[in-house]
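Structure data (TSV, C-alpha atoms) from entry32.tsv:
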```tsv
chain	number	residue	atom	x	y	z
A	1	MET	CA	-62.45	49.33	-4.69
A	2	PRO	CA	-63.93	47.58	-7.74
A	3	GLU	CA	-62.60	44.13	-8.54
A	4	PRO	CA	-59.88	44.39	-11.23
A	5	ARG	CA	-60.44	42.69	-14.56
A	6	ILE	CA	-57.51	40.35	-15.10
A	7	ALA	CA	-56.24	38.40	-18.10
A	8	VAL	CA	-53.60	35.68	-17.89
A	9	VAL	CA	-52.00	35.28	-21.31
A	10	GLY	CA	-50.22	31.95	-21.68
A	11	ALA	CA	-52.62	30.41	-19.19
A	12	THR	CA	-51.97	26.81	-20.23
A	13	GLY	CA	-48.21	26.94	-19.61
A	14	ALA	CA	-46.36	26.03	-16.41
A	15	VAL	CA	-46.18	29.60	-15.08
A	16	GLY	CA	-49.64	30.53	-16.37
A	17	GLY	CA	-51.20	27.67	-14.44
A	18	VAL	CA	-49.51	28.75	-11.21
A	19	THR	CA	-50.58	32.35	-11.85
A	20	LEU	CA	-54.23	31.31	-12.15
A	21	ARG	CA	-54.03	29.25	-8.97
A	22	LEU	CA	-52.40	32.04	-6.97
A	23	LEU	CA	-54.91	34.60	-8.20
A	24	ARG	CA	-57.70	32.34	-6.90
A	25	GLU	CA	-55.89	31.88	-3.58
A	26	ARG	CA	-55.46	35.64	-3.19
A	27	GLY	CA	-59.13	36.39	-3.82
A	28	PHE	CA	-59.14	37.71	-7.40
A	29	GLU	CA	-62.39	36.74	-9.11
A	30	ARG	CA	-62.65	38.51	-12.47
A	31	VAL	CA	-60.00	36.45	-14.23
A	32	ARG	CA	-59.84	35.32	-17.86
A	33	ALA	CA	-57.51	32.70	-19.32
A	34	LEU	CA	-56.00	33.37	-22.75
A	35	ALA	CA	-53.66	31.25	-24.82
A	36	SER	CA	-52.91	30.24	-28.40
A	37	ALA	CA	-55.59	29.16	-30.87
A	38	ARG	CA	-54.79	25.47	-30.32
A	39	SER	CA	-55.70	25.79	-26.62
A	40	ALA	CA	-58.84	27.87	-27.13
A	41	GLY	CA	-61.96	26.17	-25.73
A	42	ARG	CA	-60.01	24.05	-23.25
A	43	GLU	CA	-61.48	24.01	-19.74
A	44	LEU	CA	-59.04	24.61	-16.90
A	45	GLU	CA	-59.20	23.96	-13.18
A	46	GLY	CA	-61.81	26.20	-11.60
A	47	GLY	CA	-64.02	26.09	-14.69
A	48	LEU	CA	-62.20	28.74	-16.71
A	49	VAL	CA	-62.48	28.26	-20.46
A	50	VAL	CA	-59.45	29.33	-22.47
A	51	GLU	CA	-59.96	32.15	-24.96
A	52	GLU	CA	-57.70	32.76	-27.93
A	53	ALA	CA	-55.19	35.54	-27.32
A	54	THR	CA	-55.59	37.95	-30.22
A	55	PRO	CA	-54.67	41.62	-30.65
A	56	GLU	CA	-58.37	42.45	-30.79
A	57	ALA	CA	-59.17	40.65	-27.52
A	58	LEU	CA	-56.31	42.34	-25.71
A	59	ALA	CA	-57.05	45.82	-27.03
A	60	ALA	CA	-60.82	45.70	-26.39
A	61	GLY	CA	-60.58	47.89	-23.29
A	62	ASP	CA	-62.03	45.40	-20.81
A	63	ILE	CA	-58.77	44.37	-19.08
A	64	ASP	CA	-57.15	46.22	-16.17
A	65	LEU	CA	-54.19	43.90	-15.58
A	66	ALA	CA	-52.66	41.50	-18.09
A	67	PHE	CA	-50.19	38.87	-16.93
A	68	PHE	CA	-48.04	37.63	-19.81
A	69	SER	CA	-46.46	34.19	-19.41
A	70	VAL	CA	-45.40	33.69	-23.02
A	71	GLY	CA	-42.14	33.76	-24.95
A	72	THR	CA	-40.20	36.89	-25.77
A	73	SER	CA	-41.42	37.22	-29.36
A	74	ALA	CA	-45.06	36.70	-28.36
A	75	SER	CA	-44.74	39.31	-25.62
A	76	ARG	CA	-43.34	41.83	-28.07
A	77	GLU	CA	-46.27	41.13	-30.37
A	78	PHE	CA	-49.12	41.15	-27.85
A	79	VAL	CA	-48.13	43.39	-24.92
A	80	PRO	CA	-48.53	46.66	-26.88
A	81	HIS	CA	-52.12	45.73	-27.75
A	82	ALA	CA	-53.00	45.20	-24.08
A	83	VAL	CA	-51.46	48.54	-23.18
A	84	ARG	CA	-53.31	50.22	-26.05
A	85	GLY	CA	-56.53	48.86	-24.57
A	86	GLY	CA	-55.77	50.48	-21.21
A	87	ALA	CA	-54.32	47.50	-19.32
A	88	VAL	CA	-51.16	47.43	-17.26
A	89	ALA	CA	-49.04	44.61	-18.68
A	90	LEU	CA	-46.97	42.50	-16.29
A	91	ASP	CA	-44.58	40.68	-18.57
A	92	LYS	CA	-42.60	37.63	-17.46
A	93	SER	CA	-40.44	37.25	-20.57
A	94	SER	CA	-37.12	38.95	-21.27
A	95	ALA	CA	-38.71	41.22	-23.89
A	96	TYR	CA	-38.78	44.39	-21.79
A	97	ARG	CA	-36.60	43.70	-18.75
A	98	LEU	CA	-33.59	45.75	-19.80
A	99	GLN	CA	-35.45	48.37	-21.83
A	100	ASP	CA	-34.90	51.92	-20.58
A	101	GLY	CA	-37.95	53.42	-18.93
A	102	ILE	CA	-39.58	50.08	-18.09
A	103	PRO	CA	-39.40	49.09	-14.41
A	104	LEU	CA	-37.88	45.71	-13.56
A	105	VAL	CA	-39.35	44.95	-10.17
A	106	VAL	CA	-38.94	42.69	-7.18
A	107	PRO	CA	-41.42	44.10	-4.63
A	108	GLU	CA	-39.23	43.37	-1.60
A	109	VAL	CA	-36.23	45.05	-3.24
A	110	ASN	CA	-37.44	47.98	-5.38
A	111	GLY	CA	-41.21	47.89	-5.13
A	112	GLU	CA	-41.53	51.66	-5.47
A	113	ARG	CA	-40.36	51.35	-9.09
A	114	ALA	CA	-43.58	49.49	-9.96
A	115	LEU	CA	-45.45	52.76	-9.63
A	116	GLU	CA	-43.27	54.44	-12.28
A	117	HIS	CA	-44.59	52.37	-15.16
A	118	ASP	CA	-45.99	53.66	-18.43
A	119	GLY	CA	-48.18	50.63	-19.03
A	120	ILE	CA	-45.55	47.88	-18.78
A	121	VAL	CA	-43.77	46.39	-15.78
A	122	ALA	CA	-41.20	43.65	-16.35
A	123	ASN	CA	-40.94	40.60	-14.12
A	124	PRO	CA	-37.29	39.54	-13.64
A	125	ASN	CA	-35.55	36.30	-14.46
A	126	CYS	CA	-36.42	33.46	-12.07
A	127	CYS	CA	-32.87	33.47	-10.68
A	128	ALA	CA	-32.52	37.26	-10.46
A	129	ILE	CA	-35.54	37.51	-8.14
A	130	PRO	CA	-34.18	35.36	-5.27
A	131	LEU	CA	-30.62	36.60	-5.82
A	132	THR	CA	-31.52	40.27	-5.46
A	133	MET	CA	-33.70	39.53	-2.44
A	134	ALA	CA	-30.68	37.95	-0.75
A	135	LEU	CA	-28.26	40.69	-1.82
A	136	LYS	CA	-30.39	43.72	-0.94
A	137	PRO	CA	-30.08	43.55	2.88
A	138	LEU	CA	-26.36	42.81	2.63
A	139	HIS	CA	-25.84	45.77	0.32
A	140	ASP	CA	-27.83	48.09	2.58
A	141	ALA	CA	-25.71	47.07	5.57
A	142	ALA	CA	-22.21	46.80	4.13
A	143	GLY	CA	-22.19	47.59	0.41
A	144	LEU	CA	-21.52	45.10	-2.38
A	145	ALA	CA	-18.07	44.89	-3.94
A	146	ARG	CA	-18.40	41.69	-5.99
A	147	VAL	CA	-20.80	38.77	-6.50
A	148	ARG	CA	-20.19	35.30	-7.88
A	149	VAL	CA	-23.06	32.88	-8.35
A	150	SER	CA	-23.53	29.34	-9.59
A	151	THR	CA	-27.11	28.29	-10.33
A	152	TYR	CA	-28.78	24.88	-10.21
A	153	GLN	CA	-31.95	25.42	-12.26
A	154	SER	CA	-34.85	23.01	-12.50
A	155	ALA	CA	-36.51	21.61	-15.60
A	156	SER	CA	-39.63	23.72	-15.07
A	157	GLY	CA	-37.61	26.81	-15.91
A	158	ALA	CA	-37.55	25.52	-19.49
A	159	GLY	CA	-41.33	24.97	-19.61
A	160	ALA	CA	-43.96	22.28	-19.21
A	161	GLN	CA	-42.59	20.12	-22.02
A	162	ARG	CA	-39.18	19.89	-20.36
A	163	MET	CA	-40.89	18.81	-17.15
A	164	GLU	CA	-42.61	15.98	-19.01
A	165	GLU	CA	-39.30	14.94	-20.56
A	166	LEU	CA	-37.74	14.74	-17.11
A	167	ARG	CA	-40.66	12.69	-15.78
A	168	ALA	CA	-40.12	10.26	-18.67
A	169	THR	CA	-36.37	9.98	-18.06
A	170	PRO	CA	-35.46	6.60	-16.52
A	171	SER	CA	-34.12	6.69	-13.00
A	172	GLY	CA	-30.37	6.97	-13.04
A	173	GLU	CA	-30.22	8.66	-16.45
A	174	GLY	CA	-30.75	12.23	-15.30
A	175	ASN	CA	-28.01	14.61	-16.35
A	176	LEU	CA	-26.86	18.20	-16.06
A	177	SER	CA	-27.32	20.44	-19.06
A	178	MET	CA	-26.63	23.95	-20.27
A	179	ASP	CA	-29.44	24.61	-22.71
A	180	TRP	CA	-29.37	28.37	-23.20
A	181	ASP	CA	-28.13	30.39	-26.15
A	182	PHE	CA	-24.31	30.59	-26.16
A	183	ASP	CA	-22.26	33.45	-27.59
A	184	GLY	CA	-18.89	31.70	-27.40
A	185	GLU	CA	-18.12	32.93	-23.89
A	186	GLU	CA	-21.27	32.84	-21.80
A	187	PHE	CA	-24.89	31.72	-21.96
A	188	ASP	CA	-27.58	34.35	-22.33
A	189	GLU	CA	-28.99	33.16	-19.00
A	190	GLU	CA	-25.75	34.24	-17.35
A	191	SER	CA	-25.75	37.68	-18.96
A	192	LYS	CA	-29.44	38.11	-18.06
A	193	LEU	CA	-28.71	37.29	-14.43
A	194	ARG	CA	-25.86	39.80	-14.31
A	195	ASP	CA	-27.61	42.63	-16.14
A	196	GLU	CA	-30.97	42.24	-14.41
A	197	THR	CA	-29.38	42.08	-10.96
A	198	ARG	CA	-27.53	45.31	-11.69
A	199	LYS	CA	-30.73	47.03	-12.84
A	200	ILE	CA	-32.87	45.88	-9.90
A	201	LEU	CA	-30.26	46.86	-7.31
A	202	GLU	CA	-29.42	50.05	-9.25
A	203	LEU	CA	-25.73	49.13	-9.21
A	204	PRO	CA	-24.79	49.33	-12.91
A	205	GLU	CA	-21.09	48.66	-12.33
A	206	LEU	CA	-21.39	45.82	-9.82
A	207	PRO	CA	-18.98	43.00	-10.79
A	208	ILE	CA	-21.04	39.81	-11.15
A	209	SER	CA	-19.86	36.47	-12.48
A	210	ALA	CA	-22.44	33.73	-13.09
A	211	THR	CA	-22.37	30.08	-14.14
A	212	CYS	CA	-25.79	28.60	-14.91
A	213	VAL	CA	-26.57	24.89	-15.03
A	214	ARG	CA	-29.82	22.94	-15.55
A	215	VAL	CA	-30.28	20.06	-13.09
A	216	PRO	CA	-32.69	17.06	-13.10
A	217	VAL	CA	-35.11	18.60	-10.59
A	218	LEU	CA	-38.73	19.32	-11.56
A	219	VAL	CA	-39.34	22.57	-9.67
A	220	GLY	CA	-37.08	24.85	-7.65
A	221	HIS	CA	-33.96	26.81	-8.53
A	222	ALA	CA	-30.94	26.93	-6.21
A	223	GLU	CA	-27.97	29.29	-6.17
A	224	ALA	CA	-24.60	29.15	-4.46
A	225	VAL	CA	-23.57	32.77	-3.92
A	226	TRP	CA	-20.20	34.22	-2.98
A	227	VAL	CA	-20.46	37.85	-1.88
A	228	GLU	CA	-17.70	40.35	-1.21
A	229	THR	CA	-18.87	43.36	0.78
A	230	GLU	CA	-17.23	46.78	1.00
A	231	GLU	CA	-17.33	46.74	4.78
A	232	GLN	CA	-16.87	43.91	7.25
A	233	LEU	CA	-19.99	41.86	7.92
A	234	SER	CA	-19.83	38.73	10.03
A	235	ALA	CA	-21.79	35.60	9.21
A	236	ASP	CA	-23.87	36.09	12.37
A	237	GLU	CA	-24.69	39.66	11.36
A	238	ALA	CA	-25.60	38.49	7.85
A	239	ARG	CA	-27.89	35.78	9.21
A	240	ASP	CA	-29.63	38.34	11.41
A	241	LEU	CA	-30.13	40.73	8.50
A	242	LEU	CA	-31.38	38.02	6.15
A	243	GLY	CA	-33.67	36.54	8.78
A	244	ARG	CA	-35.42	39.89	9.25
A	245	ALA	CA	-35.66	40.81	5.55
A	246	PRO	CA	-39.10	40.62	3.89
A	247	GLY	CA	-39.79	37.47	1.90
A	248	LEU	CA	-36.76	35.55	3.17
A	249	ARG	CA	-36.67	32.53	5.47
A	250	LEU	CA	-33.55	31.04	7.05
A	251	LEU	CA	-33.01	27.27	7.02
A	252	ASP	CA	-29.84	25.35	7.81
A	253	PHE	CA	-29.75	23.37	4.57
A	254	PRO	CA	-32.46	24.54	2.12
A	255	THR	CA	-33.30	22.41	-0.91
A	256	PRO	CA	-35.69	22.78	-3.87
A	257	ARG	CA	-38.09	20.35	-2.23
A	258	ASP	CA	-38.25	22.60	0.84
A	259	ALA	CA	-39.18	25.54	-1.40
A	260	LEU	CA	-41.96	23.80	-3.34
A	261	ASP	CA	-45.20	25.85	-3.16
A	262	VAL	CA	-43.57	28.22	-0.66
A	263	ASP	CA	-43.86	31.99	-1.06
A	264	ASP	CA	-40.59	32.77	0.70
A	265	VAL	CA	-37.08	32.57	-0.68
A	266	LEU	CA	-35.07	30.15	1.47
A	267	ILE	CA	-31.52	30.97	2.55
A	268	GLY	CA	-28.97	28.81	4.36
A	269	ARG	CA	-25.30	27.83	4.59
A	270	VAL	CA	-24.50	31.44	5.57
A	271	ARG	CA	-20.81	31.50	6.45
A	272	GLN	CA	-17.61	33.48	6.05
A	273	ASP	CA	-15.65	33.17	2.83
A	274	ARG	CA	-12.14	33.19	4.23
A	275	THR	CA	-10.50	33.45	0.79
A	276	VAL	CA	-11.23	37.22	0.70
A	277	GLU	CA	-11.14	40.01	3.26
A	278	HIS	CA	-14.87	40.75	3.44
A	279	GLY	CA	-16.48	37.59	2.11
A	280	LEU	CA	-19.69	35.67	2.71
A	281	VAL	CA	-21.09	32.49	1.20
A	282	LEU	CA	-24.77	31.57	1.15
A	283	PHE	CA	-27.15	29.12	-0.51
A	284	VAL	CA	-30.42	30.46	-1.94
A	285	VAL	CA	-33.45	28.41	-3.02
A	286	ALA	CA	-36.85	29.39	-4.42
A	287	ASP	CA	-39.82	27.85	-6.19
A	288	ASN	CA	-39.13	29.26	-9.65
A	289	LEU	CA	-42.74	28.95	-10.81
A	290	ARG	CA	-44.10	30.62	-7.69
A	291	LYS	CA	-41.90	33.41	-6.26
A	292	GLY	CA	-39.56	33.15	-9.24
A	293	ALA	CA	-42.36	34.06	-11.66
A	294	ALA	CA	-46.10	34.05	-10.88
A	295	LEU	CA	-46.16	35.32	-7.31
A	296	ASN	CA	-43.66	38.09	-7.95
A	297	ALA	CA	-45.84	39.42	-10.78
A	298	ILE	CA	-48.99	39.24	-8.65
A	299	GLN	CA	-47.24	41.11	-5.84
A	300	ILE	CA	-46.31	43.81	-8.36
A	301	ALA	CA	-49.95	44.00	-9.42
A	302	GLU	CA	-51.05	44.34	-5.81
A	303	LEU	CA	-48.66	47.28	-5.34
A	304	ILE	CA	-50.10	48.96	-8.42
A	305	LEU	CA	-53.70	48.36	-7.31
A	306	GLN	CA	-53.01	50.04	-3.99
A	307	ARG	CA	-52.34	53.27	-5.88
A	308	ARG	CA	-54.55	52.96	-8.97
A	309	PRO	CA	-58.29	52.35	-8.58
A	310	VAL	CA	-59.84	50.41	-11.43
A	311	ALA	CA	-63.07	50.96	-13.33
A	312	ALA	CA	-66.20	49.30	-12.03
```

Could you write out this file's structure as structure tokens?
Amino acid sequence: MPEPRIAVVGATGAVGGVTLRLLRERGFERVRALASARSAGRELEGGLVVEEATPEALAAGDIDLAFFSVGTSASREFVPHAVRGGAVALDKSSAYRLQDGIPLVVPEVNGERALEHDGIVANPNCCAIPLTMALKPLHDAAGLARVRVSTYQSASGAGAQRMEELRATPSGEGNLSMDWDFDGEEFDEESKLRDETRKILELPELPISATCVRVPVLVGHAEAVWVETEEQLSADEARDLLGRAPGLRLLDFPTPRDALDVDDVLIGRVRQDRTVEHGLVLFVVADNLRKGAALNAIQIAELILQRRPVAA
């Protein structure tokens, strides 16, 4: 099969940089780096020179797969041009995630949906990806009745600048924050997590309550998850199911440091929640730049390439 022609849009950002590195690691060679005009001409690791992302460049017809690691407004502006030029757009913003007719995909959970695209596939929120991977095997075995989740999200989820701010913060002055848009009741991050989880699992009425918090950690998101199942499922049975599920790895006490540069989602602290009849508690950790963003999108692309040959 001919080597696909790939563009990474937003290549100089935190997720874009990881995307480029993972593409190299996975053997993709025809890769271009695109970003804003102020980054054009910059040389990146591996010798790639950044091109300016323009509608004309994206619509030129010489891109098979376009990874978008830019903000929502930029994705809405540029993605249609890439699709018009014949590319499949893999968008990591929230621009298209909940739009009808656009697949929202975690390959280990609903990978078959990636093949139903009409030019755009949405990459989920960096907390929805590990959450749905943990919930899927439990749902298949015992059904989901209710989910409660509290997130501990790293600075890298807010971008490269926030990472630099954390690095410059004196030791002992790190703090928790809640830096998402607020509607008077919940943050948009919390509604995203609920709505995207429902869409990925295809459970539109699933009760989900989320509390999201930013913590002074550079990379790696963690989630404490309380699950109520429809049928009885012991902690031992849950551990067995999770340990055999694709993309998951069991640890006793997983932390963000354990997940750094790791493909798998880490799961631990699996135990009964004795406050409800059919309850489980678990702790979920993932590298939010890797599996929570870049790797998930690349895995989607690999699924698509298995079914769609590209031009020589």

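Here atom CA of A:Asp273 and atom CA of A:Ala141 stand 17.4 Å from one another.
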
Write out as a PyMOL selection string each polymer residue whose atoms come within 7 Å of stretch 288-301 of chain A, counting all atoms listed in the file; drop sequence neighbours fewer than 4 positions from it.
-> chain A and resi 15+18-19+90+92+106-107+114+123+126-127+129+157+219-221+261+263+305

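Minimum atom-to-atom distance to A:Leu203, evaluated using all atoms listed in the file, belongs to A:Lys136 out of A:Arg113, A:Pro246, A:Ile63, A:Lys136.
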
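Residues with any atom within 7 Å of A:Leu218, counting all atoms listed in the file and excluding same-chain neighbours fewer than 3 positions away, are Ser154, Ala155, Ser156 and Met163 of chain A.
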
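The residue set within 7 Å of stretch 224-229 of chain A, counting all atoms listed in the file and dropping same-chain residues fewer than 4 places from it, reads Ala142, Gly143, Leu144, Ala145, Arg146, Val147, Arg148, Val149, Ser150, Thr151, His278, Gly279, Leu280, Val281, Leu282, Phe283 and Val284 of chain A.
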
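Separating atom CA of A:Arg42 from atom CA of A:Gly13 is a distance of 12.7 Å.
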
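Across A:Glu56, A:Asp100, A:Glu223, A:Asp252, the tightest approach to A:Val79 is made by A:Glu56 when counting all atoms listed in the file.
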
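Nearest residue to A:Arg198, choosing from A:Tyr96, A:Ile6, A:Pro124, A:Ala245 and counting only C-alpha atoms: A:Pro124.
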
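With only C-alpha atoms taken into account, the protein and nucleic acid residues at most 8 Å from A:Gln153 (excluding it and anything under 6 positions from it in its own chain) are Cys212, Val213, Arg214, Val215, Val217, Gly220, His221 and Ala222 of chain A.
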
Select, from A:Leu248, A:Ala57, A:Ala14, A:Leu303, the residue with the minimum atom-to-atom distance to A:Val70, counting all atoms listed in the file.
-> A:Ala14

Could you name the residues that touch A:Gly16 at 12 Å or less, counting all atoms listed in the file, but leaving out those on the same chain fewer than 4 positions away, as number ranges by chain?
-> A: 7-12, 20-23, 32-35, 44, 50, 66-71, 91-92, 159-160, 289-290, 293-295, 297-298

When you draw a straight line from atom CA of A:Leu241 to atom CA of A:Leu138, how long is it in Å?
-> 7.3 Å

Pick from A:Glu231, A:Ala95, A:Arg30, A:Ile120 nearest to A:Lys192, counting only C-alpha atoms = A:Ala95
